[in-house]
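Pasting work31.cif here (mmCIF, C-alpha atoms and all ligand atoms):
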```
data_coords
#
loop_
_atom_site.group_PDB
_atom_site.id
_atom_site.type_symbol
_atom_site.label_atom_id
_atom_site.label_comp_id
_atom_site.auth_asym_id
_atom_site.auth_seq_id
_atom_site.Cartn_x
_atom_site.Cartn_y
_atom_site.Cartn_z
ATOM 1 C CA MET V 739 144.476 218.759 203.166
ATOM 2 C CA PHE V 740 146.118 215.927 201.173
ATOM 3 C CA ASP V 741 148.459 214.865 203.988
ATOM 4 C CA ASP V 742 147.871 211.158 203.376
ATOM 5 C CA LEU V 743 149.485 211.428 199.916
ATOM 6 C CA LYS V 744 152.924 211.919 201.462
ATOM 7 C CA GLY V 745 155.074 208.937 200.466
ATOM 8 C CA LYS V 746 152.320 207.429 198.291
ATOM 9 C CA ARG V 747 153.533 205.737 195.073
ATOM 10 C CA VAL V 748 151.833 207.302 192.067
ATOM 11 C CA LEU V 749 152.170 206.209 188.416
ATOM 12 C CA ILE V 750 150.887 208.767 185.895
ATOM 13 C CA THR V 751 150.911 207.731 182.242
ATOM 14 C CA GLY V 752 151.471 210.335 179.521
ATOM 15 C CA SER V 753 152.719 212.976 181.909
ATOM 16 C CA THR V 754 155.631 214.825 180.311
ATOM 17 C CA GLN V 755 153.465 217.835 179.471
ATOM 18 C CA GLY V 756 149.986 219.323 179.797
ATOM 19 C CA ILE V 757 147.443 217.926 182.252
ATOM 20 C CA GLY V 758 149.691 214.983 183.199
ATOM 21 C CA LEU V 759 152.700 217.137 184.013
ATOM 22 C CA ALA V 760 150.570 219.455 186.160
ATOM 23 C CA ALA V 761 149.406 216.348 188.036
ATOM 24 C CA VAL V 762 153.017 215.188 188.531
ATOM 25 C CA GLU V 763 153.820 218.593 190.034
ATOM 26 C CA ALA V 764 150.794 218.519 192.348
ATOM 27 C CA PHE V 765 151.659 215.043 193.673
ATOM 28 C CA ALA V 766 155.322 216.031 194.107
ATOM 29 C CA ARG V 767 154.202 219.045 196.172
ATOM 30 C CA ALA V 768 152.098 216.665 198.277
ATOM 31 C CA GLY V 769 155.262 214.643 199.016
ATOM 32 C CA ALA V 770 154.406 211.629 196.848
ATOM 33 C CA LYS V 771 156.730 209.302 194.935
ATOM 34 C CA VAL V 772 155.781 209.839 191.324
ATOM 35 C CA ALA V 773 156.659 208.358 187.945
ATOM 36 C CA MET V 774 156.328 210.676 184.987
ATOM 37 C CA ASN V 775 155.840 208.671 181.783
ATOM 38 C CA GLY V 776 156.170 209.503 178.126
ATOM 39 C CA ARG V 777 156.675 207.675 174.891
ATOM 40 C CA ARG V 778 159.864 209.620 174.213
ATOM 41 C CA ILE V 779 162.539 211.086 176.485
ATOM 42 C CA PRO V 780 161.786 214.811 176.771
ATOM 43 C CA ALA V 781 164.592 217.113 175.554
ATOM 44 C CA ASP V 782 164.821 218.934 178.873
ATOM 45 C CA LEU V 783 164.490 215.834 181.070
ATOM 46 C CA GLU V 784 167.376 216.522 183.453
ATOM 47 C CA ALA V 785 166.297 220.092 184.179
ATOM 48 C CA THR V 786 162.642 219.049 184.508
ATOM 49 C CA LEU V 787 163.476 216.287 186.990
ATOM 50 C CA ALA V 788 165.720 218.635 188.987
ATOM 51 C CA ARG V 789 162.856 221.143 189.218
ATOM 52 C CA LEU V 790 160.246 218.493 190.083
ATOM 53 C CA ASN V 791 162.475 216.904 192.708
ATOM 54 C CA GLY V 792 162.736 220.253 194.461
ATOM 55 C CA LEU V 793 158.999 220.349 195.173
ATOM 56 C CA GLY V 794 158.945 218.017 198.182
ATOM 57 C CA GLY V 795 158.398 214.555 196.721
ATOM 58 C CA GLU V 796 160.370 212.159 194.550
ATOM 59 C CA VAL V 797 159.928 212.093 190.777
ATOM 60 C CA VAL V 798 161.430 209.701 188.225
ATOM 61 C CA PHE V 799 160.897 209.365 184.480
ATOM 62 C CA LEU V 800 159.889 206.026 182.983
ATOM 63 C CA GLN V 801 159.819 205.772 179.209
ATOM 64 C CA ALA V 802 157.120 203.572 177.674
ATOM 65 C CA ASP V 803 154.703 203.726 174.768
ATOM 66 C CA VAL V 804 151.442 202.749 176.451
ATOM 67 C CA SER V 805 149.786 202.147 173.061
ATOM 68 C CA ASP V 806 151.810 198.934 173.126
ATOM 69 C CA SER V 807 150.452 196.319 175.538
ATOM 70 C CA ALA V 808 153.870 194.761 176.199
ATOM 71 C CA GLU V 809 155.254 198.158 177.153
ATOM 72 C CA CYS V 810 152.339 198.689 179.553
ATOM 73 C CA GLY V 811 153.478 195.616 181.479
ATOM 74 C CA LYS V 812 157.100 196.726 181.417
ATOM 75 C CA LEU V 813 156.119 200.193 182.681
ATOM 76 C CA VAL V 814 154.312 198.719 185.682
ATOM 77 C CA ASP V 815 157.246 196.370 186.380
ATOM 78 C CA ALA V 816 159.750 199.237 186.212
ATOM 79 C CA PHE V 817 157.626 201.352 188.554
ATOM 80 C CA VAL V 818 157.308 198.524 191.096
ATOM 81 C CA GLU V 819 161.027 197.801 190.871
ATOM 82 C CA ARG V 820 161.713 201.473 191.652
ATOM 83 C CA PHE V 821 159.152 202.090 194.412
ATOM 84 C CA GLY V 822 158.187 198.606 195.673
ATOM 85 C CA GLY V 823 154.476 198.849 194.824
ATOM 86 C CA ILE V 824 151.677 201.087 193.523
ATOM 87 C CA ASP V 825 149.162 203.064 195.587
ATOM 88 C CA VAL V 826 147.720 205.264 192.854
ATOM 89 C CA LEU V 827 147.481 204.802 189.080
ATOM 90 C CA ILE V 828 146.435 207.649 186.813
ATOM 91 C CA ASN V 829 145.696 206.632 183.219
ATOM 92 C CA ASN V 830 146.242 210.031 181.647
ATOM 93 C CA ALA V 831 147.883 209.181 178.303
ATOM 94 C CA GLY V 832 145.542 209.992 175.464
ATOM 95 C CA GLY V 833 145.020 212.189 172.476
ATOM 96 C CA LEU V 834 143.344 212.694 169.137
ATOM 97 C CA VAL V 835 146.122 211.061 167.061
ATOM 98 C CA GLY V 836 144.613 213.033 164.184
ATOM 99 C CA ARG V 837 141.296 214.288 162.899
ATOM 100 C CA LYS V 838 139.557 212.025 160.383
ATOM 101 C CA PRO V 839 135.884 212.143 159.433
ATOM 102 C CA LEU V 840 134.079 208.826 159.041
ATOM 103 C CA PRO V 841 134.750 208.375 155.285
ATOM 104 C CA GLU V 842 138.516 208.590 155.914
ATOM 105 C CA ILE V 843 138.781 206.188 158.845
ATOM 106 C CA ASP V 844 140.771 203.029 158.125
ATOM 107 C CA ASP V 845 141.948 200.131 160.302
ATOM 108 C CA GLU V 846 145.291 201.763 161.015
ATOM 109 C CA PHE V 847 143.694 204.960 162.343
ATOM 110 C CA PHE V 848 141.077 203.009 164.321
ATOM 111 C CA ASP V 849 143.825 200.965 165.984
ATOM 112 C CA ALA V 850 145.981 204.008 166.732
ATOM 113 C CA VAL V 851 143.161 205.959 168.432
ATOM 114 C CA THR V 852 141.764 203.053 170.414
ATOM 115 C CA ASP V 853 145.203 201.702 171.390
ATOM 116 C CA LEU V 854 146.245 205.082 172.806
ATOM 117 C CA ASN V 855 142.997 206.038 174.534
ATOM 118 C CA SER V 856 141.309 202.754 175.508
ATOM 119 C CA ARG V 857 143.642 199.786 175.385
ATOM 120 C CA SER V 858 146.470 201.653 177.132
ATOM 121 C CA ALA V 859 144.331 202.307 180.211
ATOM 122 C CA LEU V 860 143.016 198.747 180.231
ATOM 123 C CA MET V 861 146.456 197.157 179.963
ATOM 124 C CA VAL V 862 148.235 199.393 182.486
ATOM 125 C CA THR V 863 145.363 198.877 184.942
ATOM 126 C CA LYS V 864 145.413 195.109 184.369
ATOM 127 C CA HIS V 865 149.118 194.892 185.134
ATOM 128 C CA ALA V 866 148.824 197.248 188.120
ATOM 129 C CA LEU V 867 145.866 195.443 189.693
ATOM 130 C CA PRO V 868 147.769 192.944 191.919
ATOM 131 C CA HIS V 869 150.056 195.725 193.147
ATOM 132 C CA LEU V 870 147.135 198.039 193.926
ATOM 133 C CA LYS V 871 145.436 195.214 195.814
ATOM 134 C CA ALA V 872 148.603 194.459 197.798
ATOM 135 C CA ALA V 873 149.009 198.160 198.632
ATOM 136 C CA ALA V 874 145.425 198.396 199.900
ATOM 137 C CA GLU V 875 146.032 195.398 202.171
ATOM 138 C CA ARG V 876 149.348 196.821 203.368
ATOM 139 C CA ASN V 877 147.999 200.341 203.963
ATOM 140 C CA GLY V 878 144.648 199.294 205.424
ATOM 141 C CA THR V 879 143.059 201.899 203.125
ATOM 142 C CA THR V 880 141.923 201.906 199.511
ATOM 143 C CA SER V 881 144.162 202.163 196.468
ATOM 144 C CA SER V 882 143.024 204.411 193.645
ATOM 145 C CA VAL V 883 142.790 204.143 189.868
ATOM 146 C CA ILE V 884 141.920 207.356 188.043
ATOM 147 C CA LEU V 885 140.901 207.362 184.409
ATOM 148 C CA VAL V 886 141.004 210.487 182.270
ATOM 149 C CA GLY V 887 137.874 210.789 180.189
ATOM 150 C CA SER V 888 136.711 213.743 178.137
ATOM 151 C CA VAL V 889 133.758 215.959 177.425
ATOM 152 C CA ALA V 890 133.981 214.227 174.014
ATOM 153 C CA GLY V 891 133.025 210.982 175.786
ATOM 154 C CA TYR V 892 129.556 212.525 176.274
ATOM 155 C CA THR V 893 129.186 214.694 173.172
ATOM 156 C CA GLY V 894 130.787 212.397 170.573
ATOM 157 C CA GLY V 895 133.689 214.754 169.848
ATOM 158 C CA GLY V 896 134.302 217.621 167.432
ATOM 159 C CA PRO V 897 135.134 217.473 163.718
ATOM 160 C CA GLY V 898 137.080 214.318 162.861
ATOM 161 C CA ALA V 899 137.210 213.299 166.536
ATOM 162 C CA GLY V 900 134.436 210.713 166.577
ATOM 163 C CA LEU V 901 136.749 207.774 167.289
ATOM 164 C CA TYR V 902 138.474 209.739 170.046
ATOM 165 C CA GLY V 903 135.108 210.533 171.657
ATOM 166 C CA ALA V 904 134.073 206.897 171.380
ATOM 167 C CA ALA V 905 137.373 205.695 172.869
ATOM 168 C CA LYS V 906 136.826 208.008 175.856
ATOM 169 C CA ALA V 907 133.162 206.923 176.191
ATOM 170 C CA TRP V 908 134.487 203.353 176.364
ATOM 171 C CA LEU V 909 136.516 204.382 179.421
ATOM 172 C CA HIS V 910 133.497 206.142 180.950
ATOM 173 C CA ASN V 911 131.692 202.824 180.634
ATOM 174 C CA ILE V 912 134.291 200.206 181.516
ATOM 175 C CA GLN V 913 135.103 201.708 184.887
ATOM 176 C CA LYS V 914 131.604 200.644 185.997
ATOM 177 C CA ASN V 915 132.606 197.027 185.395
ATOM 178 C CA TRP V 916 135.878 197.493 187.281
ATOM 179 C CA VAL V 917 133.993 198.975 190.232
ATOM 180 C CA ALA V 918 131.582 196.042 190.241
ATOM 181 C CA PHE V 919 134.316 193.400 190.261
ATOM 182 C CA HIS V 920 137.368 194.946 191.945
ATOM 183 C CA THR V 921 136.053 197.013 194.839
ATOM 184 C CA LYS V 922 136.532 193.854 196.898
ATOM 185 C CA ASP V 923 140.275 194.208 196.201
ATOM 186 C CA GLY V 924 140.310 197.533 198.030
ATOM 187 C CA ILE V 925 140.598 199.558 194.835
ATOM 188 C CA ARG V 926 138.527 202.620 193.932
ATOM 189 C CA PHE V 927 138.024 203.660 190.295
ATOM 190 C CA ASN V 928 137.097 207.214 189.423
ATOM 191 C CA MET V 929 137.353 209.416 186.385
ATOM 192 C CA VAL V 930 138.446 212.980 185.812
ATOM 193 C CA SER V 931 136.730 214.215 182.659
ATOM 194 C CA PRO V 932 138.293 217.424 181.320
ATOM 195 C CA GLY V 933 136.539 219.905 179.097
ATOM 196 C CA THR V 934 138.768 222.008 176.864
ATOM 197 C CA PHE V 935 142.219 222.655 178.328
ATOM 198 C CA ASP V 936 144.975 224.785 176.888
ATOM 199 C CA THR V 937 147.613 222.147 176.123
ATOM 200 C CA ALA V 938 149.409 220.743 173.090
ATOM 201 C CA PHE V 939 146.166 218.849 172.451
ATOM 202 C CA HIS V 940 144.955 222.112 170.823
ATOM 203 C CA ALA V 941 148.209 222.914 169.024
ATOM 204 C CA ASP V 942 146.244 223.042 165.755
ATOM 205 C CA LYS V 943 144.490 226.257 166.922
ATOM 206 C CA ASP V 944 145.926 229.777 167.131
ATOM 207 C CA GLU V 945 145.330 232.012 170.163
ATOM 208 C CA ASP V 946 142.431 233.887 168.525
ATOM 209 C CA THR V 947 140.652 230.648 167.714
ATOM 210 C CA LYS V 948 141.133 229.381 171.276
ATOM 211 C CA ALA V 949 139.794 232.670 172.676
ATOM 212 C CA ARG V 950 136.769 232.509 170.365
ATOM 213 C CA ILE V 951 135.983 228.897 171.299
ATOM 214 C CA GLY V 952 136.578 229.585 174.999
ATOM 215 C CA SER V 953 134.239 232.572 174.983
ATOM 216 C CA GLY V 954 131.400 230.143 174.281
ATOM 217 C CA PHE V 955 131.904 228.326 177.615
ATOM 218 C CA PRO V 956 130.246 229.625 180.813
ATOM 219 C CA MET V 957 133.746 230.256 182.277
ATOM 220 C CA GLY V 958 134.626 232.158 179.090
ATOM 221 C CA ARG V 959 137.985 230.469 178.475
ATOM 222 C CA PHE V 960 139.912 227.216 178.163
ATOM 223 C CA GLY V 961 140.989 225.501 181.376
ATOM 224 C CA ARG V 962 144.603 225.538 182.569
ATOM 225 C CA PRO V 963 146.323 222.198 183.387
ATOM 226 C CA GLU V 964 146.939 223.227 187.018
ATOM 227 C CA GLU V 965 143.169 223.673 187.402
ATOM 228 C CA CYS V 966 142.673 219.958 186.736
ATOM 229 C CA ALA V 967 145.453 218.709 189.023
ATOM 230 C CA PRO V 968 143.644 219.015 192.411
ATOM 231 C CA THR V 969 140.907 216.649 191.222
ATOM 232 C CA PHE V 970 143.543 213.922 190.851
ATOM 233 C CA LEU V 971 144.763 214.591 194.393
ATOM 234 C CA PHE V 972 141.188 214.334 195.641
ATOM 235 C CA PHE V 973 140.512 210.932 194.048
ATOM 236 C CA ALA V 974 143.973 209.662 195.052
ATOM 237 C CA SER V 975 143.518 210.585 198.706
ATOM 238 C CA HIS V 976 141.741 207.945 200.786
ATOM 239 C CA ALA V 977 141.121 210.583 203.447
ATOM 240 C CA CYS V 978 139.246 212.754 200.925
ATOM 241 C CA SER V 979 137.463 210.178 198.796
ATOM 242 C CA GLY V 980 137.719 206.793 200.556
ATOM 243 C CA TYR V 981 133.979 206.127 200.043
ATOM 244 C CA ILE V 982 133.832 207.494 196.499
ATOM 245 C CA THR V 983 134.118 205.078 193.599
ATOM 246 C CA GLY V 984 132.686 204.729 190.101
ATOM 247 C CA GLN V 985 132.234 208.479 189.712
ATOM 248 C CA VAL V 986 133.085 211.002 187.031
ATOM 249 C CA LEU V 987 134.253 214.484 187.998
ATOM 250 C CA ASP V 988 133.738 216.894 185.121
ATOM 251 C CA VAL V 989 136.342 219.661 185.098
ATOM 252 C CA ASN V 990 135.035 221.742 182.230
ATOM 253 C CA GLY V 991 134.147 225.296 183.235
ATOM 254 C CA GLY V 992 130.469 224.523 182.681
ATOM 255 C CA GLN V 993 131.062 223.591 179.035
ATOM 256 C CA TYR V 994 128.915 220.472 179.410
ATOM 257 C CA MET V 995 126.578 219.522 182.249
ATOM 258 C CA PRO V 996 125.703 215.833 182.045
HETATM 259 P P1 LIG U 1 149.064 216.588 175.777
HETATM 260 O O1 LIG U 1 149.119 216.250 174.332
HETATM 261 O O2 LIG U 1 149.557 217.927 176.226
HETATM 262 O O3 LIG U 1 149.820 215.484 176.637
HETATM 263 C C1 LIG U 1 149.706 214.140 176.339
HETATM 264 C C2 LIG U 1 150.762 213.373 177.092
HETATM 265 O O4 LIG U 1 150.636 211.999 176.752
HETATM 266 C C3 LIG U 1 152.186 213.770 176.761
HETATM 267 O O5 LIG U 1 152.949 213.759 177.942
HETATM 268 C C4 LIG U 1 152.657 212.669 175.814
HETATM 269 O O6 LIG U 1 154.043 212.439 175.895
HETATM 270 C C5 LIG U 1 151.898 211.492 176.368
HETATM 271 N N1 LIG U 1 151.693 210.426 175.409
HETATM 272 C C6 LIG U 1 151.116 210.497 174.185
HETATM 273 N N2 LIG U 1 151.129 209.304 173.596
HETATM 274 C C7 LIG U 1 151.712 208.454 174.472
HETATM 275 C C8 LIG U 1 152.005 207.074 174.449
HETATM 276 N N3 LIG U 1 151.693 206.318 173.393
HETATM 277 N N4 LIG U 1 152.625 206.529 175.511
HETATM 278 C C9 LIG U 1 152.955 207.270 176.584
HETATM 279 N N5 LIG U 1 152.680 208.587 176.675
HETATM 280 C C10 LIG U 1 152.079 209.162 175.624
HETATM 281 O O7 LIG U 1 147.551 216.376 176.168
HETATM 282 P P2 LIG U 1 146.676 216.851 177.416
HETATM 283 O O8 LIG U 1 145.729 217.873 176.916
HETATM 284 O O9 LIG U 1 147.513 217.131 178.601
HETATM 285 O O10 LIG U 1 145.817 215.526 177.625
HETATM 286 C C11 LIG U 1 145.931 214.687 178.755
HETATM 287 C C12 LIG U 1 144.701 213.800 178.822
HETATM 288 O O11 LIG U 1 143.533 214.619 178.933
HETATM 289 C C13 LIG U 1 144.487 212.938 177.574
HETATM 290 O O12 LIG U 1 143.974 211.688 177.949
HETATM 291 C C14 LIG U 1 143.453 213.712 176.792
HETATM 292 O O13 LIG U 1 142.715 212.887 175.937
HETATM 293 C C15 LIG U 1 142.616 214.260 177.941
HETATM 294 N N6 LIG U 1 141.804 215.420 177.579
HETATM 295 C C16 LIG U 1 142.383 216.582 177.180
HETATM 296 C C17 LIG U 1 141.572 217.657 176.849
HETATM 297 C C18 LIG U 1 142.127 218.982 176.426
HETATM 298 O O14 LIG U 1 141.326 219.850 175.992
HETATM 299 N N7 LIG U 1 143.415 219.238 176.524
HETATM 300 C C19 LIG U 1 140.165 217.523 176.921
HETATM 301 C C20 LIG U 1 139.623 216.328 177.331
HETATM 302 C C21 LIG U 1 140.455 215.273 177.675
#
```

Show me, as structure tokens, the structure contained in the file I just sent.
Amino acid sequence: MFDDLKGKRVLITGSTQGIGLAAVEAFARAGAKVAMNGRRIPADLEATLARLNGLGGEVVFLQADVSDSAECGKLVDAFVERFGGIDVLINNAGGLVGRKPLPEIDDEFFDAVTDLNSRSALMVTKHALPHLKAAAERNGTTSSVILVGSVAGYTGGGPGAGLYGAAKAWLHNIQKNWVAFHTKDGIRFNMVSPGTFDTAFHADKDEDTKARIGSGFPMGRFGRPEECAPTFLFFASHACSGYITGQVLDVNGGQYMP
């Protein structure tokens, strides 16, 4: 079904675990050339790469802290040096940073949340843009940028997560501008917007709490990272979504229906 992803060059930020790692695996199975990115080198990197490289594609690890604009540029440069260009960019890096209600928010926390969730995606996309454009011209098809939003981008976020929700809403909004001004470059921009997924993102909750929260969703449980991965393949594949741009695909078990 995703045959056209074979050999495609895919950069996935924040992908050493959780939703990002499941996406790396899915693209590797589809025969793509993938860069897994993290701020730190994972302890089990060698074993992880050996496993991922046995799935049918080619996977490398590129270390970069995408909260730092200079590192965003270096990450794109390193990827292009390795694979010769970029066909697909997935801006997955993101997170709460912490939970702080409004009275406790200071400049440092504001910067940390917005740098990780908003500025990172902007800066990596900015640096990747010429390469995505060149790939579209070379391939004669569209290149694809996928943002990772959140149910919090609609609802405003849970306790102490207002800045996180706002940073994700910013992404939900800015992709409209990118669609308006960069579709001519042969680039599509779409968003995968997860609901509540069982990853380290929810490490502050025990299993009983997760089960109780999940029971309130129509699907009755948290999502699993591998249940999000096929949506990335769909938006990456020109054959599947070549005429789809500027859209948000909500992968949330019915938790929120915009
Ligand atoms: P996770 O915490 O399991 O994984 C986050 C990944 O990002 C890790 O690989 C980590 O190394 C990387 N990362 C963090 N900071 C980084 C930085 N500065 N530079 C580079 N990499 C960095 O989280 P997850 O649940 O897999 O979340 C993935 C994406 O999905 C995030 O954007 C998150 O906001 C979004 N999301 C998650 C949920 C959820 O319930 N899990 C819900 C909505 C949206």

Write out as an MDAnalysis selection string each polymer residue whose atoms come within 9 Å of region 958-963 of chain V, counting all atoms listed in the file; drop sequence neighbours fewer than 6 positions from it. chainID V and resid 756:761 932:937 948:952 989:991

Which residues of chain V come within 8 Å of ligand LIG 1 (chain U), and what is each one's closest atom pair and distance in Å (one decimal), counting all atoms listed in the file, sorted by chain and residue number, as a tab-separated table?
```
residue	atom	partner	partner_atom	distance
V:Thr751	CA	U:LIG1	N5	5.9
V:Gly752	CA	U:LIG1	O4	3.3
V:Ser753	CA	U:LIG1	O5	4.1
V:Thr754	CA	U:LIG1	O5	3.7
V:Gln755	CA	U:LIG1	O5	4.4
V:Gly756	CA	U:LIG1	O9	3.5
V:Ile757	CA	U:LIG1	O9	3.7
V:Gly758	CA	U:LIG1	O9	5.5
V:Leu759	CA	U:LIG1	O5	7.0
V:Asn775	CA	U:LIG1	N5	6.0
V:Gly776	CA	U:LIG1	N5	3.9
V:Arg777	CA	U:LIG1	C9	4.1
V:Arg778	CA	U:LIG1	O6	6.7
V:Gln801	CA	U:LIG1	C9	7.5
V:Ala802	CA	U:LIG1	C9	5.7
V:Asp803	CA	U:LIG1	N4	3.6
V:Val804	CA	U:LIG1	N4	4.1
V:Ser805	CA	U:LIG1	N3	4.6
V:Asp806	CA	U:LIG1	N3	7.4
V:Asn829	CA	U:LIG1	O12	7.5
V:Asn830	CA	U:LIG1	O12	4.6
V:Ala831	CA	U:LIG1	O4	4.2
V:Gly832	CA	U:LIG1	O12	3.4
V:Gly833	CA	U:LIG1	O13	4.2
V:Leu834	CA	U:LIG1	O13	6.8
V:Leu854	CA	U:LIG1	N3	5.6
V:Asn855	CA	U:LIG1	O12	6.7
V:Ser858	CA	U:LIG1	N3	7.9
V:Val886	CA	U:LIG1	O12	5.4
V:Gly887	CA	U:LIG1	C21	5.8
V:Ser888	CA	U:LIG1	C20	4.0
V:Val889	CA	U:LIG1	C20	5.9
V:Ala890	CA	U:LIG1	C20	6.9
V:Tyr902	CA	U:LIG1	O13	7.9
V:Lys906	CA	U:LIG1	O13	7.6
V:Ser931	CA	U:LIG1	C21	6.3
V:Pro932	CA	U:LIG1	C20	4.3
V:Gly933	CA	U:LIG1	C19	4.9
V:Thr934	CA	U:LIG1	O14	3.5
V:Phe935	CA	U:LIG1	O14	3.8
V:Asp936	CA	U:LIG1	N7	5.8
V:Thr937	CA	U:LIG1	O2	4.6
V:Ala938	CA	U:LIG1	O2	4.2
V:Phe939	CA	U:LIG1	O1	4.4
V:His940	CA	U:LIG1	N7	6.6
V:Phe960	CA	U:LIG1	O14	7.8
V:Gly961	CA	U:LIG1	O14	7.8
V:Pro963	CA	U:LIG1	O9	7.1
```

Run the PyMOL selection byres (((chain V and resi 823) around 9) and not hetatm) against the file shown and list the residues it catches, as a PyMOL selection string. chain V and resi 747+817-822+824-825+866+869-870+872-873

Kindly give the distance, in Å, that separates CA of Val762 (chain V) and CA of Ile750 (chain V), rounded to a single decimal. 7.3 Å

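As for CA of Ser807 (chain V) and CA of Asn928 (chain V), they are spaced 22.1 Å apart.
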
Using Å and a single decimal, report how far CA of Cys978 (chain V) sits from CA of Gly745 (chain V). 16.3 Å

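Proximity ranking of V:Gly924, V:Gly769, V:Gly794, V:Gly984 relative to Arg876 (chain V) places V:Gly924 first, based on all atoms listed in the file.
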
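The residue that comes closest to Gly900 (chain V), out of V:Lys838, V:Ala918, V:Leu885, V:Thr880 and on the basis of all atoms listed in the file, is V:Lys838.
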
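Of the listed residues V:Phe799, V:Phe765, V:Gly898, V:Ile925, the one whose atoms come nearest to Pro780 (chain V) is V:Phe799, with distances taken using only C-alpha atoms.
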
Skip Pro897 (chain V) itself and residues of its chain fewer than 6 positions away, then list as a VMD selection string all residues within 10 Å of it, counting only C-alpha atoms. chain V and resid 837 to 840

Could you name the residues that touch Ile884 (chain V) at 10 Å or less, counting only C-alpha atoms, but leaving out those on the same chain fewer than 6 positions away, as number ranges by chain? V: 750, 826-830, 859, 863, 913, 926-930, 969-970, 973-974, 983-986

Name the residues that the PyMOL selection byres (((chain V and resi 788-792) around 12) and not hetatm) pulls out of this structure, and write them as a PyMOL selection string. chain V and resi 754+759-774+782-787+793-799

Determine the residue set returned by the PyMOL selection byres (((chain V and resi 905) around 8) and not hetatm) for the present structure, and present it as a list in words. Val851, Thr852, Asn855, Ser856, Gly891, Leu901, Tyr902, Gly903, Ala904, Lys906, Ala907, Trp908 and Leu909 of chain V

Selected residue, from V:Gly811, V:Gly992, V:Gly878, V:Gly896, that lies nearest to Gly980 (chain V) when counting all atoms listed in the file: V:Gly878

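Each of V:His976, V:Asp944, V:Leu860, V:Thr893 was compared to Pro996 (chain V) using only C-alpha atoms, and V:Thr893 turns out to be the nearest.
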